[in-house]
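target-v2.pdb (PDB, C-alpha atoms, pLDDT in the B column) appears below.
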```pdb
ATOM      1  CA  MET T 207     -34.477 159.382  68.956  1.00 48.00           C
ATOM      2  CA  ALA T 208     -35.366 156.437  66.720  1.00 48.00           C
ATOM      3  CA  SER T 209     -32.531 154.487  65.236  1.00 48.00           C
ATOM      4  CA  SER T 210     -32.303 152.734  61.922  1.00 44.00           C
ATOM      5  CA  SER T 211     -29.882 150.054  60.936  1.00 43.00           C
ATOM      6  CA  TYR T 212     -28.509 151.194  57.606  1.00 42.00           C
ATOM      7  CA  SER T 213     -27.240 147.813  56.473  1.00 50.00           C
ATOM      8  CA  ASN T 214     -30.393 145.791  57.151  1.00 72.00           C
ATOM      9  CA  SER T 215     -33.273 147.922  55.960  1.00 87.00           C
ATOM     10  CA  PRO T 216     -33.580 151.395  54.469  1.00 94.00           C
ATOM     11  CA  CYS T 217     -35.368 154.071  56.449  1.00 95.00           C
ATOM     12  CA  ALA T 218     -39.049 154.668  55.731  1.00 95.00           C
ATOM     13  CA  ALA T 219     -38.217 157.754  53.651  1.00 96.00           C
ATOM     14  CA  CYS T 220     -35.715 156.026  51.372  1.00 96.00           C
ATOM     15  CA  LYS T 221     -37.977 153.021  51.021  1.00 95.00           C
ATOM     16  CA  PHE T 222     -40.914 155.279  50.097  1.00 95.00           C
ATOM     17  CA  LEU T 223     -38.775 157.277  47.652  1.00 95.00           C
ATOM     18  CA  ARG T 224     -37.227 154.042  46.309  1.00 95.00           C
ATOM     19  CA  ARG T 225     -33.667 155.128  46.742  1.00 94.00           C
ATOM     20  CA  LYS T 226     -30.633 153.727  48.496  1.00 94.00           C
ATOM     21  CA  CYS T 227     -30.403 154.701  52.155  1.00 94.00           C
ATOM     22  CA  LEU T 228     -26.885 156.020  52.782  1.00 94.00           C
ATOM     23  CA  PRO T 229     -25.222 156.119  56.212  1.00 93.00           C
ATOM     24  CA  ASP T 230     -25.559 159.920  56.316  1.00 93.00           C
ATOM     25  CA  CYS T 231     -29.252 159.917  55.344  1.00 95.00           C
ATOM     26  CA  ILE T 232     -30.951 162.930  56.947  1.00 95.00           C
ATOM     27  CA  PHE T 233     -34.235 161.011  57.268  1.00 96.00           C
ATOM     28  CA  ALA T 234     -32.960 157.744  58.794  1.00 94.00           C
ATOM     29  CA  PRO T 235     -32.840 158.769  62.480  1.00 95.00           C
ATOM     30  CA  TYR T 236     -36.371 160.180  62.381  1.00 95.00           C
ATOM     31  CA  PHE T 237     -38.273 157.911  59.994  1.00 96.00           C
ATOM     32  CA  PRO T 238     -37.467 154.309  60.983  1.00 95.00           C
ATOM     33  CA  PRO T 239     -38.513 151.464  58.677  1.00 94.00           C
ATOM     34  CA  GLU T 240     -41.141 150.372  61.226  1.00 95.00           C
ATOM     35  CA  GLU T 241     -43.100 153.617  60.696  1.00 94.00           C
ATOM     36  CA  PRO T 242     -43.670 153.938  56.937  1.00 95.00           C
ATOM     37  CA  GLN T 243     -46.975 155.828  57.312  1.00 96.00           C
ATOM     38  CA  LYS T 244     -45.270 158.588  59.292  1.00 96.00           C
ATOM     39  CA  PHE T 245     -43.071 159.527  56.325  1.00 96.00           C
ATOM     40  CA  ALA T 246     -45.849 158.922  53.780  1.00 96.00           C
ATOM     41  CA  ASN T 247     -48.068 161.502  55.533  1.00 96.00           C
ATOM     42  CA  VAL T 248     -45.233 164.025  55.925  1.00 96.00           C
ATOM     43  CA  HIS T 249     -44.226 163.572  52.272  1.00 96.00           C
ATOM     44  CA  LYS T 250     -47.794 163.969  51.025  1.00 96.00           C
ATOM     45  CA  ILE T 251     -48.347 167.225  52.932  1.00 95.00           C
ATOM     46  CA  PHE T 252     -44.898 168.868  52.886  1.00 95.00           C
ATOM     47  CA  GLY T 253     -42.852 167.033  50.255  1.00 95.00           C
ATOM     48  CA  ALA T 254     -39.572 165.192  50.796  1.00 95.00           C
ATOM     49  CA  SER T 255     -37.469 168.040  49.425  1.00 95.00           C
ATOM     50  CA  ASN T 256     -38.984 170.602  51.796  1.00 96.00           C
ATOM     51  CA  VAL T 257     -38.585 168.286  54.779  1.00 96.00           C
ATOM     52  CA  SER T 258     -34.955 167.629  53.826  1.00 95.00           C
ATOM     53  CA  LYS T 259     -34.259 171.376  53.563  1.00 96.00           C
ATOM     54  CA  LEU T 260     -35.962 172.032  56.888  1.00 96.00           C
ATOM     55  CA  LEU T 261     -33.997 169.277  58.670  1.00 96.00           C
ATOM     56  CA  ASN T 262     -30.721 170.618  57.279  1.00 95.00           C
ATOM     57  CA  GLU T 263     -31.541 174.130  58.560  1.00 96.00           C
ATOM     58  CA  VAL T 264     -32.631 173.021  62.045  1.00 95.00           C
ATOM     59  CA  LEU T 265     -30.016 172.398  64.725  1.00 95.00           C
ATOM     60  CA  PRO T 266     -29.353 168.662  65.236  1.00 94.00           C
ATOM     61  CA  HIS T 267     -30.724 168.610  68.788  1.00 95.00           C
ATOM     62  CA  GLN T 268     -34.013 170.138  67.553  1.00 96.00           C
ATOM     63  CA  ARG T 269     -34.567 167.848  64.577  1.00 96.00           C
ATOM     64  CA  GLU T 270     -36.519 165.162  66.401  1.00 96.00           C
ATOM     65  CA  ASP T 271     -38.972 167.753  67.736  1.00 97.00           C
ATOM     66  CA  ALA T 272     -39.279 169.268  64.264  1.00 96.00           C
ATOM     67  CA  VAL T 273     -40.036 165.875  62.722  1.00 97.00           C
ATOM     68  CA  ASN T 274     -42.588 165.093  65.437  1.00 96.00           C
ATOM     69  CA  SER T 275     -44.286 168.441  64.782  1.00 95.00           C
ATOM     70  CA  LEU T 276     -44.318 167.820  61.031  1.00 96.00           C
ATOM     71  CA  ALA T 277     -45.719 164.326  61.544  1.00 96.00           C
ATOM     72  CA  TYR T 278     -48.442 165.624  63.876  1.00 95.00           C
ATOM     73  CA  GLU T 279     -49.427 168.423  61.501  1.00 95.00           C
ATOM     74  CA  ALA T 280     -49.369 166.051  58.524  1.00 95.00           C
ATOM     75  CA  GLU T 281     -51.633 163.569  60.287  1.00 94.00           C
ATOM     76  CA  ALA T 282     -53.975 166.391  61.309  1.00 94.00           C
ATOM     77  CA  ARG T 283     -54.034 167.694  57.713  1.00 94.00           C
ATOM     78  CA  MET T 284     -54.888 164.212  56.476  1.00 94.00           C
ATOM     79  CA  LYS T 285     -57.904 164.144  58.818  1.00 92.00           C
ATOM     80  CA  ASP T 286     -58.900 167.789  58.305  1.00 91.00           C
ATOM     81  CA  PRO T 287     -57.388 169.253  55.111  1.00 92.00           C
ATOM     82  CA  VAL T 288     -58.701 172.766  55.747  1.00 93.00           C
ATOM     83  CA  TYR T 289     -57.813 173.436  59.381  1.00 92.00           C
ATOM     84  CA  GLY T 290     -55.316 170.708  60.289  1.00 90.00           C
ATOM     85  CA  CYS T 291     -54.164 170.847  63.907  1.00 90.00           C
ATOM     86  CA  VAL T 292     -55.625 174.347  64.297  1.00 93.00           C
ATOM     87  CA  GLY T 293     -59.073 172.755  64.046  1.00 91.00           C
ATOM     88  CA  ALA T 294     -58.230 170.349  66.869  1.00 89.00           C
ATOM     89  CA  ILE T 295     -56.821 173.203  68.963  1.00 93.00           C
ATOM     90  CA  SER T 296     -59.972 175.250  68.352  1.00 94.00           C
ATOM     91  CA  VAL T 297     -62.219 172.380  69.459  1.00 93.00           C
ATOM     92  CA  LEU T 298     -60.146 171.948  72.628  1.00 95.00           C
ATOM     93  CA  GLN T 299     -60.226 175.687  73.370  1.00 97.00           C
ATOM     94  CA  ARG T 300     -64.023 175.746  73.049  1.00 96.00           C
ATOM     95  CA  GLN T 301     -64.202 172.732  75.360  1.00 97.00           C
ATOM     96  CA  VAL T 302     -61.992 174.494  77.939  1.00 97.00           C
ATOM     97  CA  ILE T 303     -64.198 177.616  77.788  1.00 97.00           C
ATOM     98  CA  ARG T 304     -67.369 175.520  78.197  1.00 97.00           C
ATOM     99  CA  LEU T 305     -65.880 173.606  81.137  1.00 97.00           C
ATOM    100  CA  GLN T 306     -64.644 176.846  82.745  1.00 97.00           C
ATOM    101  CA  LYS T 307     -68.171 178.279  82.558  1.00 97.00           C
ATOM    102  CA  GLU T 308     -69.556 175.070  84.063  1.00 97.00           C
ATOM    103  CA  LEU T 309     -66.963 175.225  86.858  1.00 97.00           C
ATOM    104  CA  ASP T 310     -67.774 178.888  87.532  1.00 96.00           C
ATOM    105  CA  ALA T 311     -71.495 178.083  87.730  1.00 95.00           C
ATOM    106  CA  THR T 312     -70.834 175.191  90.101  1.00 95.00           C
ATOM    107  CA  ASN T 313     -68.604 177.346  92.305  1.00 94.00           C
ATOM    108  CA  ALA T 314     -71.316 180.018  92.368  1.00 92.00           C
ATOM    109  CA  ASP T 315     -73.843 177.362  93.427  1.00 92.00           C
ATOM    110  CA  LEU T 316     -71.511 176.231  96.213  1.00 93.00           C
ATOM    111  CA  ILE T 317     -71.115 179.797  97.461  1.00 92.00           C
ATOM    112  CA  ARG T 318     -74.874 180.345  97.268  1.00 89.00           C
ATOM    113  CA  TYR T 319     -75.520 177.154  99.240  1.00 90.00           C
ATOM    114  CA  ALA T 320     -72.865 178.071 101.799  1.00 87.00           C
ATOM    115  CA  CYS T 321     -74.325 181.558 102.321  1.00 88.00           C
ATOM    116  CA  ASN T 322     -78.037 180.720 102.204  1.00 82.00           C
ATOM    117  CA  GLU T 323     -78.203 177.428 104.042  1.00 68.00           C
ATOM    118  CA  MET T 324     -75.611 177.727 106.804  1.00 59.00           C
ATOM    119  CA  PRO T 325     -77.074 176.833 110.216  1.00 57.00           C
ATOM    120  CA  PRO T 326     -77.581 179.894 112.451  1.00 55.00           C
ATOM    121  CA  THR T 327     -75.260 179.214 115.396  1.00 54.00           C
ATOM    122  CA  SER T 328     -74.763 175.489 115.924  1.00 50.00           C
ATOM    123  CA  PHE T 329     -71.481 173.846 115.001  1.00 51.00           C
ATOM    124  CA  GLY T 330     -72.773 170.309 115.239  1.00 48.00           C
ATOM    125  CA  ARG T 331     -75.361 168.762 112.994  1.00 47.00           C
ATOM    126  CA  SER T 332     -77.730 171.045 111.214  1.00 47.00           C
ATOM    127  CA  SER T 333     -80.861 171.698 113.245  1.00 45.00           C
ATOM    128  CA  ARG T 334     -82.773 172.644 110.089  1.00 45.00           C
ATOM    129  CA  MET T 335     -85.395 170.261 108.885  1.00 46.00           C
ATOM    130  CA  GLY T 336     -86.686 170.351 105.364  1.00 45.00           C
ATOM    131  CA  HIS T 337     -84.366 167.940 103.642  1.00 45.00           C
ATOM    132  CA  GLY T 338     -86.902 165.165 103.436  1.00 45.00           C
ATOM    133  CA  GLY T 339     -87.703 165.469 107.140  1.00 45.00           C
ATOM    134  CA  SER T 340     -84.239 164.522 108.300  1.00 45.00           C
ATOM    135  CA  SER T 341     -81.187 166.608 109.010  1.00 44.00           C
ATOM    136  CA  SER T 342     -78.800 163.634 108.930  1.00 46.00           C
ATOM    137  CA  SER T 343     -78.298 163.825 105.153  1.00 49.00           C
ATOM    138  CA  ALA T 344     -76.654 167.268 105.226  1.00 50.00           C
ATOM    139  CA  SER T 345     -73.240 167.940 106.706  1.00 51.00           C
ATOM    140  CA  TYR T 346     -71.520 170.916 108.240  1.00 48.00           C
ATOM    141  CA  ASP T 347     -67.725 171.170 108.189  1.00 51.00           C
ATOM    142  CA  GLN T 348     -66.603 172.801 111.427  1.00 51.00           C
ATOM    143  CA  ASN T 349     -63.079 173.447 110.112  1.00 50.00           C
ATOM    144  CA  SER T 350     -64.101 175.459 107.074  1.00 50.00           C
ATOM    145  CA  ALA T 351     -67.497 176.677 108.366  1.00 49.00           C
ATOM    146  CA  LEU T 352     -69.181 175.513 105.159  1.00 50.00           C
ATOM    147  CA  TYR T 353     -72.496 173.771 104.921  1.00 47.00           C
ATOM    148  CA  TYR T 354     -72.681 170.904 102.403  1.00 49.00           C
ATOM    149  CA  PRO T 355     -76.231 170.143 101.275  1.00 50.00           C
ATOM    150  CA  PRO T 356     -76.999 166.682  99.945  1.00 50.00           C
ATOM    151  CA  PRO T 357     -76.896 166.334  96.134  1.00 52.00           C
ATOM    152  CA  TRP T 358     -80.629 165.635  95.985  1.00 47.00           C
ATOM    153  CA  ASN T 359     -81.540 168.915  97.671  1.00 45.00           C
ATOM    154  CA  ASN T 360     -84.369 170.563  95.705  1.00 49.00           C
ATOM    155  CA  ASP T 361     -84.580 173.777  97.790  1.00 49.00           C
ATOM    156  CA  ALA T 362     -82.990 175.840  95.000  1.00 47.00           C
ATOM    157  CA  GLN T 363     -85.511 174.556  92.454  1.00 47.00           C
ATOM    158  CA  GLU T 364     -88.437 175.203  94.801  1.00 47.00           C
ATOM    159  CA  ARG T 365     -87.296 178.842  95.176  1.00 47.00           C
ATOM    160  CA  GLY T 366     -87.192 179.178  91.383  1.00 49.00           C
ATOM    161  CA  ASP T 367     -83.396 179.388  91.344  1.00 50.00           C
ATOM    162  CA  HIS T 368     -82.275 177.127  88.496  1.00 49.00           C
ATOM    163  CA  GLY T 369     -78.527 177.627  88.661  1.00 48.00           C
ATOM    164  CA  SER T 370     -78.371 181.145  87.259  1.00 46.00           C
ATOM    165  CA  ILE T 371     -75.854 183.518  88.788  1.00 45.00           C
TER     166      ILE T 371
END
```
Just give me the structure of the file as structure tokens.
Amino acid sequence: MASSSYSNSPCAACKFLRRKCLPDCIFAPYFPPEEPQKFANVHKIFGASNVSKLLNEVLPHQREDAVNSLAYEAEARMKDPVYGCVGAISVLQRQVIRLQKELDATNADLIRYACNEMPPTSFGRSSRMGHGGSSSSASYDQNSALYYPPPWNNDAQERGDHGSI
């Protein structure tokens, strides 16, 4: 929790509102004088009176989290007045979905490579040629029984398989 020295400098809220900062100021612990923009954003979006009412209704041990949430939402509303933090959450959710699809496609490619290109019976180096004339670029993991083709393998493209599942 941020602390404010009441005798030296008023909290950011009292300074912004141009009033005397009293020792029992509800804003002082959460809006230190070093962070004036934090209160300015919260005040512009929610209003000082509403924030004061909210802080008085919230349990003391939850006030810092409440102020941090208000400050985050206020900053998000300043950047995106229509959607606020919901817009940022939506962008992140779309990114997660896109990355999950990419991961699923990559895992499917790995399974396809493991099933289609596993050497017939040898557990040493692959005896298959066709990776540029050398089998030393591919590897076969004896512990997991998976075949790992080199990243420059174009066999899938030559077969017409372009990563579709």
Residue list as a VMD selection string for point (-46.2, 161.4, 54.8), cut-off 10 Å, all atoms listed in the file
chain T and resid 218 to 219 222 242 to 254 276 to 277 280 to 281 284
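Between CA of Arg224 in chain T and CA of Phe237 in chain T the separation is 14.3 Å.
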Find the axis-aligned box for range 224-236 of chain T, covering all its listed atoms and adding 4 Å on each side, and write its centre and edge lengths in Å to one decimal as lines of an AutoDock Vina configuration file.
```
center_x = -31.2
center_y = 158.3
center_z = 54.4
size_x = 20.0
size_y = 17.2
size_z = 24.2
```
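We find CA of Pro287 in chain T and CA of Ser275 in chain T to be spaced 16.3 Å apart.
Put simply, CA of Asn274 in chain T is 20.3 Å away from CA of Ser296 in chain T.
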Within 10 Å of Ile232 in chain T using all atoms listed in the file, minus same-chain residues under 6 positions, as a list in words:
Cys217, Ala219, Val257, Ser258, Lys259, Leu261, Asn262 and Arg269 of chain T
